[in-house]
$ cat upload_22.tsv   # TSV, C-alpha atoms
chain	number	residue	atom	x	y	z
Y	1195	MET	CA	12.53	32.62	-21.83
Y	1196	THR	CA	14.62	34.90	-19.56
Y	1197	LEU	CA	11.67	35.23	-17.18
Y	1198	LEU	CA	11.44	31.44	-17.05
Y	1199	TRP	CA	15.02	31.07	-15.92
Y	1200	ILE	CA	14.59	33.84	-13.36
Y	1201	ALA	CA	11.58	32.00	-11.94
Y	1202	PHE	CA	13.57	28.78	-12.02
Y	1203	ALA	CA	16.37	30.43	-10.01
Y	1204	LEU	CA	13.90	31.81	-7.48
Y	1205	LEU	CA	12.50	28.33	-6.93
Y	1206	LEU	CA	16.01	26.98	-6.32
Y	1207	LEU	CA	16.87	29.60	-3.70
Y	1208	PRO	CA	14.87	27.95	-0.86
Y	1209	ALA	CA	16.52	24.59	-1.56
Y	1210	LEU	CA	19.98	26.17	-1.53
Y	1211	TRP	CA	19.14	28.04	1.68
Y	1212	LEU	CA	18.27	24.75	3.39
Y	1213	LEU	CA	21.75	23.52	2.50
Y	1214	VAL	CA	23.49	26.67	3.80
Y	1215	ALA	CA	21.44	27.23	6.97
Y	1216	PRO	CA	23.04	24.38	9.04
Y	1217	LEU	CA	26.48	25.99	8.61
Y	1218	LYS	CA	25.37	28.95	10.73
Y	1219	ARG	CA	24.69	26.61	13.65
Y	1220	ALA	CA	27.74	24.40	13.18
Y	1221	ARG	CA	29.88	26.10	15.88
Y	1222	ALA	CA	27.09	25.98	18.53
Y	1223	VAL	CA	26.32	22.33	17.79
Y	1224	HIS	CA	30.02	21.45	17.93
Y	1225	ASP	CA	30.50	23.12	21.34
Y	1226	ALA	CA	27.38	21.52	22.77
Y	1227	GLN	CA	28.47	18.08	21.63
Y	1228	ARG	CA	31.96	18.61	23.08
Y	1229	ASP	CA	30.54	19.65	26.45
Y	1230	HIS	CA	28.23	16.67	26.45
Y	1231	GLU	CA	31.06	14.24	25.80
Y	1232	THR	CA	33.31	15.92	28.40
Y	1233	ASN	CA	30.70	15.70	31.14
Y	1234	ASP	CA	29.35	12.31	30.23
Y	1235	ARG	CA	29.70	9.84	33.17
Y	1236	SER	CA	28.04	6.86	31.58
Y	1237	ALA	CA	31.25	4.77	31.55
Y	1238	ASP	CA	31.91	5.37	35.27
Y	1239	GLN	CA	28.33	4.45	36.11
Y	1240	ASN	CA	28.61	1.20	34.14
Y	1241	VAL	CA	31.82	0.26	36.00
Y	1242	ALA	CA	30.23	1.01	39.36
Y	1243	ILE	CA	27.23	-1.17	38.52
Y	1244	TYR	CA	29.60	-3.95	37.43
Y	1245	GLN	CA	31.55	-3.78	40.68
Y	1246	ARG	CA	28.38	-3.92	42.82
Y	1247	ARG	CA	27.06	-6.92	40.95
Y	1248	LEU	CA	30.44	-8.70	41.14
Y	1249	ALA	CA	30.65	-8.10	44.91
Y	1250	SER	CA	27.18	-9.50	45.36
Y	1251	LEU	CA	28.13	-12.53	43.26
Y	1252	GLU	CA	31.28	-13.16	45.31
Y	1253	ALA	CA	29.30	-12.89	48.58
Y	1254	ALA	CA	26.84	-15.47	47.35
Y	1255	PHE	CA	29.71	-17.81	46.44
Y	1256	GLU	CA	31.34	-17.42	49.89
Y	1257	ARG	CA	28.03	-18.23	51.58
Y	1258	GLY	CA	27.77	-21.37	49.53
Y	1259	ASP	CA	24.62	-20.24	47.69
Y	1260	ILE	CA	26.24	-21.06	44.31
Y	1261	ASP	CA	28.98	-23.48	43.30
Y	1262	GLN	CA	32.25	-22.71	41.51
Y	1263	ALA	CA	30.89	-23.39	38.04
Y	1264	SER	CA	27.90	-21.08	38.48
Y	1265	PHE	CA	30.12	-18.38	39.94
Y	1266	GLU	CA	32.47	-18.47	36.95
Y	1267	GLU	CA	29.59	-18.46	34.47
Y	1268	ASP	CA	27.84	-15.47	36.12
Y	1269	ARG	CA	31.09	-13.51	36.44
Y	1270	LEU	CA	31.81	-14.08	32.72
Y	1271	ALA	CA	28.34	-12.78	31.90
Y	1272	LEU	CA	28.94	-9.62	33.97
Y	1273	GLU	CA	32.26	-8.97	32.25
Y	1274	ARG	CA	30.72	-9.48	28.80
Y	1275	SER	CA	27.89	-7.05	29.64
Y	1276	LEU	CA	30.42	-4.45	30.84
Y	1277	LEU	CA	32.43	-4.80	27.61
Y	1278	GLU	CA	29.34	-4.38	25.45
Y	1279	ASP	CA	28.20	-1.26	27.35
Y	1280	THR	CA	31.70	0.21	27.14
Y	1281	GLU	CA	31.94	-0.55	23.40
Y	1282	ARG	CA	28.69	1.32	22.72
Y	1283	LEU	CA	30.04	4.37	24.51
Y	1284	LYS	CA	33.13	4.63	22.33
Y	1285	ARG	CA	33.07	7.76	20.18
Y	1286	ALA	CA	35.08	8.91	17.22
Y	1287	PRO	CA	37.14	12.02	17.82
Y	1288	LEU	CA	34.99	15.12	17.46
Y	1289	LYS	CA	35.87	16.96	14.21
Y	1290	ALA	CA	36.31	20.70	13.97
Y	1291	SER	CA	33.17	22.75	13.30
Y	1292	ALA	CA	34.65	24.01	9.99
Y	1293	SER	CA	35.27	20.55	8.60
Y	1294	GLY	CA	33.06	19.54	5.67
Y	1295	ARG	CA	32.17	23.10	4.68
Y	1296	LEU	CA	33.55	22.55	1.18
Y	1297	ALA	CA	30.98	19.81	0.59
Y	1298	VAL	CA	28.11	22.29	0.92
Y	1299	PRO	CA	28.92	24.41	-2.17
Y	1300	LEU	CA	29.64	21.22	-4.08
Y	1301	VAL	CA	26.23	19.83	-3.16
Y	1302	MET	CA	24.62	23.18	-4.05
Y	1303	LEU	CA	26.30	23.11	-7.44
Y	1304	ALA	CA	25.19	19.51	-7.97
Y	1305	VAL	CA	21.60	20.43	-7.11
Y	1306	VAL	CA	21.60	23.31	-9.60
Y	1307	VAL	CA	23.19	21.26	-12.40
Y	1308	ALA	CA	20.90	18.28	-11.80
Y	1309	SER	CA	17.84	20.54	-11.78
Y	1310	VAL	CA	18.81	22.24	-15.02
Y	1311	LEU	CA	19.60	18.95	-16.76
Y	1312	TRP	CA	16.35	17.40	-15.56
Y	1313	TYR	CA	14.35	20.36	-16.80
Y	1314	GLN	CA	16.04	20.32	-20.19
Y	1315	HIS	CA	15.19	16.65	-20.53
Y	1316	GLU	CA	11.71	16.58	-18.99
Y	1317	GLY	CA	10.62	20.21	-19.08
Y	1318	ALA	CA	8.86	22.25	-21.76
Y	1319	GLU	CA	11.67	24.61	-22.74
Y	1320	GLY	CA	11.40	23.56	-26.37
Y	1321	ASP	CA	7.62	24.04	-26.43
Y	1322	LEU	CA	8.00	27.49	-24.88
Y	1323	ALA	CA	10.47	28.38	-27.64
Y	1324	LEU	CA	7.91	27.28	-30.24
Y	1325	MET	CA	5.20	29.39	-28.61
Y	1326	ALA	CA	7.54	32.38	-28.52
Y	1327	VAL	CA	8.30	31.98	-32.23
Y	1328	ARG	CA	4.63	31.72	-33.10
Y	1329	GLN	CA	3.66	34.76	-31.06
Y	1330	GLU	CA	6.55	36.78	-32.45
Y	1331	VAL	CA	5.61	36.07	-36.07
Y	1332	MET	CA	1.87	36.59	-35.50
Y	1333	SER	CA	2.45	39.92	-33.76
Y	1334	ASP	CA	4.74	41.12	-36.56
Y	1335	PRO	CA	2.79	43.28	-39.07
Y	1336	GLU	CA	4.94	41.80	-41.82
Y	1337	GLY	CA	4.58	38.24	-40.50
Y	1338	SER	CA	3.56	35.57	-42.99
Y	1339	PRO	CA	3.17	31.77	-43.15
Y	1340	GLU	CA	6.48	31.63	-45.02
Y	1341	MET	CA	8.21	33.51	-42.18
Y	1342	LEU	CA	6.65	31.19	-39.59
Y	1343	ILE	CA	7.77	28.14	-41.55
Y	1344	ALA	CA	11.33	29.48	-41.75
Y	1345	ARG	CA	11.44	30.15	-38.01
Y	1346	LEU	CA	9.99	26.74	-37.18
Y	1347	GLU	CA	12.51	25.06	-39.46
Y	1348	GLU	CA	15.24	26.69	-37.37
Y	1349	GLN	CA	13.61	25.23	-34.26
Y	1350	ALA	CA	13.39	21.82	-35.94
Y	1351	ALA	CA	17.15	21.91	-36.48
Y	1352	ARG	CA	17.68	22.79	-32.79
Y	1353	GLN	CA	15.22	20.28	-31.32
Y	1354	PRO	CA	14.62	17.53	-33.90
Y	1355	GLU	CA	13.23	15.15	-31.27
Y	1356	ASN	CA	10.42	17.50	-30.22
Y	1357	PRO	CA	7.19	16.17	-31.80
Y	1358	ASN	CA	5.44	19.53	-31.43
Y	1359	VAL	CA	7.72	21.28	-33.91
Y	1360	TRP	CA	6.81	18.72	-36.59
Y	1361	SER	CA	3.10	18.81	-35.74
Y	1362	MET	CA	3.23	22.60	-36.27
Y	1363	LEU	CA	5.19	22.39	-39.51
Y	1364	PHE	CA	3.03	19.71	-41.14
Y	1365	PRO	CA	-0.20	21.74	-41.55
Y	1366	LEU	CA	1.77	24.81	-42.62
Y	1367	TYR	CA	3.49	22.82	-45.37
Y	1368	ARG	CA	0.20	21.17	-46.35
Y	1369	ASP	CA	-1.84	24.37	-46.51
Y	1370	GLY	CA	0.99	26.13	-48.34
Y	1371	GLY	CA	0.98	23.55	-51.12
Y	1372	GLN	CA	4.36	22.04	-50.08
Y	1373	GLY	CA	3.21	18.46	-50.28
Y	1374	ARG	CA	6.58	16.74	-50.16
Y	1375	GLU	CA	7.72	18.80	-47.17
Y	1376	ALA	CA	4.42	18.03	-45.42
Y	1377	ILE	CA	4.99	14.31	-45.95
Y	1378	ASP	CA	8.53	14.51	-44.58
Y	1379	ALA	CA	7.35	16.41	-41.49
Y	1380	LEU	CA	4.55	13.94	-40.84
Y	1381	GLU	CA	6.83	10.94	-41.29
Y	1382	ARG	CA	9.23	12.48	-38.76
Y	1383	LEU	CA	6.34	12.99	-36.34
Y	1384	ILE	CA	5.27	9.36	-36.76
Y	1385	GLU	CA	8.85	8.23	-36.16
Y	1386	ILE	CA	8.84	10.07	-32.81
Y	1387	GLU	CA	5.26	9.48	-31.65
Y	1388	GLY	CA	4.63	6.01	-33.09
Y	1389	ARG	CA	2.32	4.71	-35.79
Y	1390	HIS	CA	-0.96	5.96	-34.38
Y	1391	PRO	CA	-4.05	5.64	-36.62
Y	1392	GLN	CA	-4.71	9.41	-36.67
Y	1393	LEU	CA	-1.19	10.19	-37.89
Y	1394	LEU	CA	-1.17	7.36	-40.43
Y	1395	ALA	CA	-4.52	8.59	-41.76
Y	1396	GLN	CA	-3.18	12.11	-42.27
Y	1397	LEU	CA	-0.12	10.71	-44.02
Y	1398	ALA	CA	-2.31	8.61	-46.31
Y	1399	GLN	CA	-4.42	11.68	-47.09
Y	1400	ILE	CA	-1.53	13.97	-48.03
Y	1401	GLU	CA	0.14	11.18	-50.04
Y	1402	PHE	CA	-3.18	10.71	-51.86
Y	1403	PHE	CA	-3.44	14.36	-52.90
Y	1404	VAL	CA	0.24	14.71	-53.79
Y	1405	ALA	CA	-0.18	11.67	-56.06
Y	1406	GLY	CA	-2.91	13.50	-57.96
Y	1407	ARG	CA	-5.83	11.97	-56.03
Y	1408	ARG	CA	-4.70	8.46	-56.97
Y	1409	LEU	CA	-4.85	5.46	-54.66
Y	1410	THR	CA	-1.23	4.41	-55.20
Y	1411	ASP	CA	0.32	1.31	-53.65
Y	1412	ARG	CA	1.89	3.50	-50.97
Y	1413	VAL	CA	-1.43	5.15	-50.14
Y	1414	GLN	CA	-3.18	1.78	-50.10
Y	1415	GLU	CA	-0.63	0.40	-47.63
Y	1416	LEU	CA	-1.21	3.33	-45.30
Y	1417	VAL	CA	-4.99	2.99	-45.63
Y	1418	ASP	CA	-4.85	-0.73	-44.85
Y	1419	GLU	CA	-2.60	-0.19	-41.81
Y	1420	THR	CA	-4.83	2.58	-40.50
Y	1421	LEU	CA	-8.04	0.59	-40.89
Y	1422	GLU	CA	-6.40	-2.42	-39.26
Y	1423	LYS	CA	-5.70	-0.28	-36.18
Y	1424	ASN	CA	-9.00	1.63	-36.31
Y	1425	SER	CA	-11.67	0.50	-38.77
Y	1426	SER	CA	-13.69	3.70	-38.26
Y	1427	GLU	CA	-10.89	6.28	-38.68
Y	1428	PRO	CA	-12.76	9.25	-40.24
Y	1429	THR	CA	-9.88	10.80	-42.20
Y	1430	VAL	CA	-9.17	7.60	-44.12
Y	1431	LEU	CA	-12.87	6.97	-44.72
Y	1432	GLY	CA	-13.20	10.51	-46.05
Y	1433	LEU	CA	-10.25	9.88	-48.37
Y	1434	LEU	CA	-11.82	6.65	-49.66
Y	1435	GLY	CA	-15.03	8.55	-50.25
Y	1436	ILE	CA	-13.21	11.14	-52.37
Y	1437	GLU	CA	-11.45	8.42	-54.37
Y	1438	ALA	CA	-14.75	6.61	-54.98
Y	1439	PHE	CA	-16.44	9.88	-55.97
Y	1440	ASP	CA	-13.69	10.67	-58.49
Y	1441	ARG	CA	-14.17	7.35	-60.28
Y	1442	GLY	CA	-17.94	7.66	-60.30
Y	1443	ALA	CA	-18.68	5.10	-57.57
Y	1444	TYR	CA	-21.11	7.46	-55.87
Y	1445	GLN	CA	-22.85	4.95	-53.63
Y	1446	GLU	CA	-19.47	3.75	-52.33
Y	1447	ALA	CA	-18.51	7.39	-51.70
Y	1448	ILE	CA	-21.75	7.96	-49.80
Y	1449	ASP	CA	-21.20	4.88	-47.64
Y	1450	ASN	CA	-17.63	5.89	-46.77
Y	1451	TRP	CA	-18.57	9.48	-46.01
Y	1452	ARG	CA	-21.45	8.39	-43.76
Y	1453	ARG	CA	-19.08	6.18	-41.78
Y	1454	ALA	CA	-16.59	9.06	-41.60
Y	1455	ILE	CA	-19.23	11.47	-40.27
Y	1456	ALA	CA	-20.15	8.99	-37.53
Y	1457	GLY	CA	-16.59	9.16	-36.16
Y	1458	MET	CA	-16.06	12.93	-36.50
Y	1459	SER	CA	-16.11	15.37	-33.61
Y	1460	ASP	CA	-15.77	18.50	-35.77
Y	1461	PRO	CA	-19.20	19.75	-36.94
Y	1462	ALA	CA	-17.69	21.80	-39.78
Y	1463	SER	CA	-15.89	18.77	-41.21
Y	1464	GLY	CA	-19.03	16.70	-40.95
Y	1465	GLU	CA	-21.04	19.36	-42.77
Y	1466	ALA	CA	-18.53	19.41	-45.64
Y	1467	LEU	CA	-18.94	15.65	-46.08
Y	1468	ARG	CA	-22.73	15.94	-45.92
Y	1469	GLN	CA	-22.57	18.34	-48.85
Y	1470	GLY	CA	-20.47	15.79	-50.70
Y	1471	ILE	CA	-23.11	13.12	-49.96
Y	1472	GLN	CA	-25.83	15.39	-51.34
Y	1473	ILE	CA	-23.89	15.93	-54.58
Y	1474	ALA	CA	-23.27	12.17	-54.92
Y	1475	GLN	CA	-26.97	11.47	-54.37
Y	1476	GLN	CA	-27.88	13.99	-57.05
Y	1477	ARG	CA	-25.57	12.23	-59.50
Y	1478	LEU	CA	-27.27	8.95	-58.67
Y	1479	GLY	CA	-30.62	10.54	-59.38
Y	1480	GLN	CA	-31.66	10.23	-55.73
Y	1481	GLU	CA	-33.42	12.82	-53.62
Y	1482	PRO	CA	-30.61	14.53	-51.65
Y	1483	GLU	CA	-30.72	14.29	-47.87
Y	1484	GLY	CA	-31.50	17.64	-46.28
Y	1485	ASP	CA	-31.67	21.04	-47.92
Y	1486	VAL	CA	-29.20	21.60	-50.75
Y	1487	ALA	CA	-30.26	25.13	-51.56
Y	1488	VAL	CA	-27.43	27.61	-51.72
Y	1489	GLU	CA	-27.32	29.88	-48.67
Y	1490	GLU	CA	-27.77	33.58	-49.27
Y	1491	GLU	CA	-25.04	34.67	-46.87
Y	1492	PRO	CA	-21.48	34.01	-48.14
Y	1493	GLN	CA	-19.05	32.23	-45.83
Y	1494	GLY	CA	-15.44	33.38	-45.80
Y	1495	PRO	CA	-13.37	34.57	-48.75
Y	1496	GLY	CA	-14.60	33.36	-52.10
Y	1497	ILE	CA	-14.94	33.98	-55.83
Y	1498	LEU	CA	-17.83	35.61	-57.69
Y	1499	ALA	CA	-18.00	33.95	-61.13
Y	1500	ARG	CA	-20.18	34.35	-64.20
Y	1501	VAL	CA	-20.49	31.16	-66.21
Y	1502	SER	CA	-21.73	31.17	-69.79
Y	1503	LEU	CA	-21.78	28.85	-72.81
Y	1504	ASP	CA	-20.15	29.79	-76.10
Y	1505	GLU	CA	-22.75	30.31	-78.80
Y	1506	GLU	CA	-21.04	27.83	-81.10
Y	1507	LEU	CA	-21.67	25.03	-78.55
Y	1508	ALA	CA	-25.28	25.91	-77.83
Y	1509	GLY	CA	-27.79	23.12	-78.45
Y	1510	ARG	CA	-25.27	20.26	-78.32
Y	1511	LEU	CA	-26.60	18.85	-75.01
Y	1512	ASP	CA	-29.87	18.84	-73.10
Y	1513	ASP	CA	-30.64	21.65	-70.64
Y	1514	ASN	CA	-30.70	19.14	-67.76
Y	1515	THR	CA	-27.07	18.13	-68.35
Y	1516	PRO	CA	-25.02	18.63	-65.13
Y	1517	VAL	CA	-22.50	21.46	-65.04
Y	1518	PHE	CA	-19.76	21.35	-62.42
Y	1519	VAL	CA	-17.86	24.46	-61.36
Y	1520	VAL	CA	-14.65	23.48	-59.56
Y	1521	ALA	CA	-12.05	25.68	-57.89
Y	1522	ARG	CA	-8.57	24.19	-57.38
Y	1523	ASP	CA	-5.29	25.44	-55.97
Y	1524	MET	CA	-2.79	26.60	-58.58
Y	1525	ALA	CA	-0.35	23.75	-57.88
Y	1526	GLY	CA	-3.08	21.10	-58.02
Y	1527	GLU	CA	-1.86	19.37	-54.84
Y	1528	LEU	CA	-4.93	19.94	-52.62
Y	1529	PRO	CA	-8.44	18.51	-52.92
Y	1530	PRO	CA	-10.94	20.65	-54.82
Y	1531	LEU	CA	-11.30	23.86	-52.85
Y	1532	ALA	CA	-14.92	24.33	-53.89
Y	1533	VAL	CA	-17.45	22.44	-56.05
Y	1534	ALA	CA	-20.83	23.77	-57.24
Y	1535	ARG	CA	-23.39	21.96	-59.39
Y	1536	LEU	CA	-25.57	23.64	-61.99
Y	1537	THR	CA	-27.40	22.52	-65.08
Y	1538	LEU	CA	-26.85	23.62	-68.62
Y	1539	GLY	CA	-30.26	25.30	-68.58
Y	1540	ASP	CA	-29.10	27.60	-65.76
Y	1541	LEU	CA	-26.51	29.28	-68.00
Y	1542	PRO	CA	-25.58	32.05	-68.21
Y	1543	THR	CA	-25.55	32.60	-64.46
Y	1544	GLU	CA	-23.58	34.14	-61.65
Y	1545	LEU	CA	-22.61	32.22	-58.51
Y	1546	VAL	CA	-20.43	32.61	-55.45
Y	1547	LEU	CA	-17.92	29.90	-54.57
Y	1548	ASP	CA	-16.84	29.97	-50.93
Y	1549	GLN	CA	-16.38	27.70	-47.90
Y	1550	ARG	CA	-19.93	26.37	-48.22
Y	1551	HIS	CA	-18.77	24.49	-51.31
Y	1552	ALA	CA	-15.68	22.83	-49.80
Y	1553	MET	CA	-15.42	19.10	-50.49
Y	1554	SER	CA	-12.92	18.41	-47.71
Y	1555	PRO	CA	-12.29	20.01	-44.32
Y	1556	GLN	CA	-8.58	20.08	-45.19
Y	1557	ALA	CA	-9.08	22.28	-48.28
Y	1558	ASN	CA	-11.13	25.41	-48.87
Y	1559	LEU	CA	-10.79	28.71	-50.66
Y	1560	GLY	CA	-9.73	30.45	-47.48
Y	1561	GLN	CA	-6.36	28.68	-47.70
Y	1562	VAL	CA	-5.21	30.23	-50.99
Y	1563	GLU	CA	-4.89	33.68	-52.51
Y	1564	GLN	CA	-5.42	32.52	-56.09
Y	1565	ALA	CA	-7.30	29.61	-57.61
Y	1566	ARG	CA	-7.92	27.93	-60.95
Y	1567	LEU	CA	-11.56	27.63	-62.05
Y	1568	VAL	CA	-12.70	24.77	-64.26
Y	1569	VAL	CA	-16.26	24.49	-65.55
Y	1570	ARG	CA	-17.26	21.21	-67.16
Y	1571	VAL	CA	-20.51	20.08	-68.75
Y	1572	SER	CA	-20.66	16.33	-68.10
Y	1573	GLU	CA	-23.20	14.39	-70.16
Y	1574	SER	CA	-22.25	11.18	-68.33
Y	1575	GLY	CA	-22.23	12.76	-64.87
Y	1576	GLN	CA	-18.75	11.28	-64.25
Y	1577	ALA	CA	-16.16	13.12	-62.18
Y	1578	THR	CA	-13.40	12.49	-64.71
Y	1579	PRO	CA	-13.56	14.16	-68.14
Y	1580	GLN	CA	-15.16	12.05	-70.88
Y	1581	PRO	CA	-15.01	12.53	-74.65
Y	1582	GLY	CA	-17.71	14.97	-75.71
Y	1583	ASP	CA	-17.73	16.91	-72.43
Y	1584	MET	CA	-17.64	20.67	-72.85
Y	1585	PHE	CA	-15.46	22.79	-70.61
Y	1586	GLY	CA	-13.92	26.16	-69.91
Y	1587	GLN	CA	-11.27	27.27	-67.46
Y	1588	ARG	CA	-9.45	30.26	-66.08
Y	1589	GLY	CA	-6.34	30.45	-63.92
Y	1590	GLY	CA	-4.94	32.99	-61.51
Y	1591	VAL	CA	-8.35	34.01	-60.14
Y	1592	ALA	CA	-8.02	36.10	-56.98
Y	1593	VAL	CA	-9.80	34.80	-53.86
Y	1594	GLY	CA	-11.32	37.41	-51.58
Y	1595	ASP	CA	-14.25	39.80	-51.58
Y	1596	THR	CA	-17.28	38.63	-53.58
Y	1597	ASP	CA	-18.90	42.05	-53.96
Y	1598	GLY	CA	-16.92	43.18	-57.02
Y	1599	GLU	CA	-17.12	42.32	-60.70
Y	1600	PRO	CA	-17.62	38.61	-61.49
Y	1601	VAL	CA	-14.90	36.52	-63.10
Y	1602	GLU	CA	-15.99	35.54	-66.61
Y	1603	ILE	CA	-15.71	31.85	-67.52
Y	1604	VAL	CA	-16.87	30.75	-70.95
Y	1605	ILE	CA	-17.43	27.10	-71.80
Y	1606	ASP	CA	-15.80	27.08	-75.24
Y	1607	SER	CA	-13.96	23.77	-75.62
Y	1608	VAL	CA	-14.82	20.09	-76.09
Y	1609	VAL	CA	-12.94	17.08	-74.71
Y	1610	ASP	CA	-11.61	14.98	-77.61

$ encode --input "upload_22.tsv" --output "structure tokens"
Amino acid sequence: MTLLWIAFALLLLPALWLLVAPLKRARAVHDAQRDHETNDRSADQNVAIYQRRLASLEAAFERGDIDQASFEEDRLALERSLLEDTERLKRAPLKASASGRLAVPLVMLAVVVASVLWYQHEGAEGDLALMAVRQEVMSDPEGSPEMLIARLEEQAARQPENPNVWSMLFPLYRDGGQGREAIDALERLIEIEGRHPQLLAQLAQIEFFVAGRRLTDRVQELVDETLEKNSSEPTVLGLLGIEAFDRGAYQEAIDNWRRAIAGMSDPASGEALRQGIQIAQQRLGQEPEGDVAVEEEPQGPGILARVSLDEELAGRLDDNTPVFVVARDMAGELPPLAVARLTLGDLPTELVLDQRHAMSPQANLGQVEQARLVVRVSESGQATPQPGDMFGQRGGVAVGDTDGEPVEIVIDSVVD
């Protein structure tokens, strides 16, 4: 920031020099003007011209070329012309060359103050401060998202009207599981920037997940307002697809996700929704679009898990019964971080959950250090637990390298 103000001062120096430079020539200009006025003979020349014209007019009158009335009229015109020429030649007294010097520093000060005030109002000083904070935290070996949030909160207190500080805080709050703080930051951003469809869609999405993936009245209002402004807003359509998927309306989820993909510019986000479409098609008994085989190469940090069925529950359901392995954040405020589909006949088995299994571009295992794993055998194929479903779970599972020992998850309970 110091370098900025030094550069700012250097840019002002030429302007200030242009104000000071005329003072160096003030004495020479004053003397030249005084000499010009002293030696000026314009008034004498005008009087001489008047006298010659008047003599000519009088001679014409004596010869009888003009009558008395014309003579008086022409003489009056000559006198009026002489008065006008003389009036134009009148000059104010020439001031001293040092007069007005005090105005120059005052104007210089006004230029500096006006420039600084204009820059503070229209310039990017606040944005530069945000960039400096971000770079400082990222370059600090002990820097963390919590430290960045704390520093940005200080900036938010200093420049609450800067939309960029809120747009930086919102995703940090969201990814850190601070749902309520994320909502407050986004609402503040909307208050400053206006109710744009993209911002309303993000607010609807975070409200949806904070409410436990429920389409509350508040979320529905935001969804309706967003779709009224932009009927193809991808974030809202993705949200509606998740809500439909959760209540088992798989075809509705597929339709919403397809519309969302059509409006997306991010290939990674579109791929996540395509995986969701494939899972929904499988639950409908349809042939999934594209290749749903699990890739051999892991993507990003993940969890290596070993899923097995307790011997006491063996034989209760058919081997083709779907088994869903779901990873969630510990607070339960984000969408599922990863979802994998197996069948009961595949157990026991080992699998890797990573970013390939993300259900939403806003939530994946790379965002958390620990996750909660839930494995559910769903006879009905519904997303929500049903009586008779078998399940197992394990919390506090570390997310990271998938080359170590697998995390053991045993399906040992039944939903009443």

$ residues_near_point --input "upload_22.tsv" --point "(-5.5, 17.8, -48.1)" --cutoff "10 Å" --atoms "only C-alpha atoms" --output "number ranges by chain"
Y: 1365, 1368-1369, 1371, 1373, 1396-1404, 1407, 1433, 1527-1531, 1554-1558

$ atom_distance --input "upload_22.tsv" --atom1 "CA of Ala1499 (chain Y)" --atom2 "CA of Leu1547 (chain Y)"
7.7 Å

$ atom_distance --input "upload_22.tsv" --atom1 "CA of Leu1567 (chain Y)" --atom2 "CA of Ala1438 (chain Y)"
22.4 Å

$ axis_aligned_box --input "upload_22.tsv" --around "region 1419-1424 of chain Y" --padding-each-side "5 Å" --output "AutoDock Vina command-line options"
--center_x -5.8 --center_y 0.1 --center_z -39.0 --size_x 16.4 --size_y 15.0 --size_z 15.6

$ atom_distance --input "upload_22.tsv" --atom1 "CA of Val1241 (chain Y)" --atom2 "CA of Ser1275 (chain Y)"
10.5 Å

$ closest_residue --input "upload_22.tsv" --among "Y:Ser1574, Y:Gln1372, Y:Ser1338, Y:Thr1420" --to "Ala1525 (chain Y)" --atoms "all atoms listed in the file"
Y:Gln1372

$ closest_residue --input "upload_22.tsv" --among "Y:Gly1442, Y:Gly1586, Y:Gly1435, Y:Gly1594" --to "Ser1607 (chain Y)" --atoms "all atoms listed in the file"
Y:Gly1586

$ closest_residue --input "upload_22.tsv" --among "Y:Ala1565, Y:Asn1358, Y:Leu1366, Y:Ala1323" --to "Ala1344 (chain Y)" --atoms "all atoms listed in the file"
Y:Leu1366

$ residues_around --input "upload_22.tsv" --residues "Val1517 (chain Y)" --least-positions-apart "3" --cutoff "12 Å" --atoms "only C-alpha atoms" --output "PyMOL selection string"
chain Y and resi 1473+1477+1501-1503+1511-1514+1520+1533-1543+1568-1577+1579+1583-1586+1605

$ closest_residue --input "upload_22.tsv" --among "Y:Gly1388, Y:Leu1545, Y:Arg1468, Y:Gly1589" --to "Arg1522 (chain Y)" --atoms "only C-alpha atoms"
Y:Gly1589
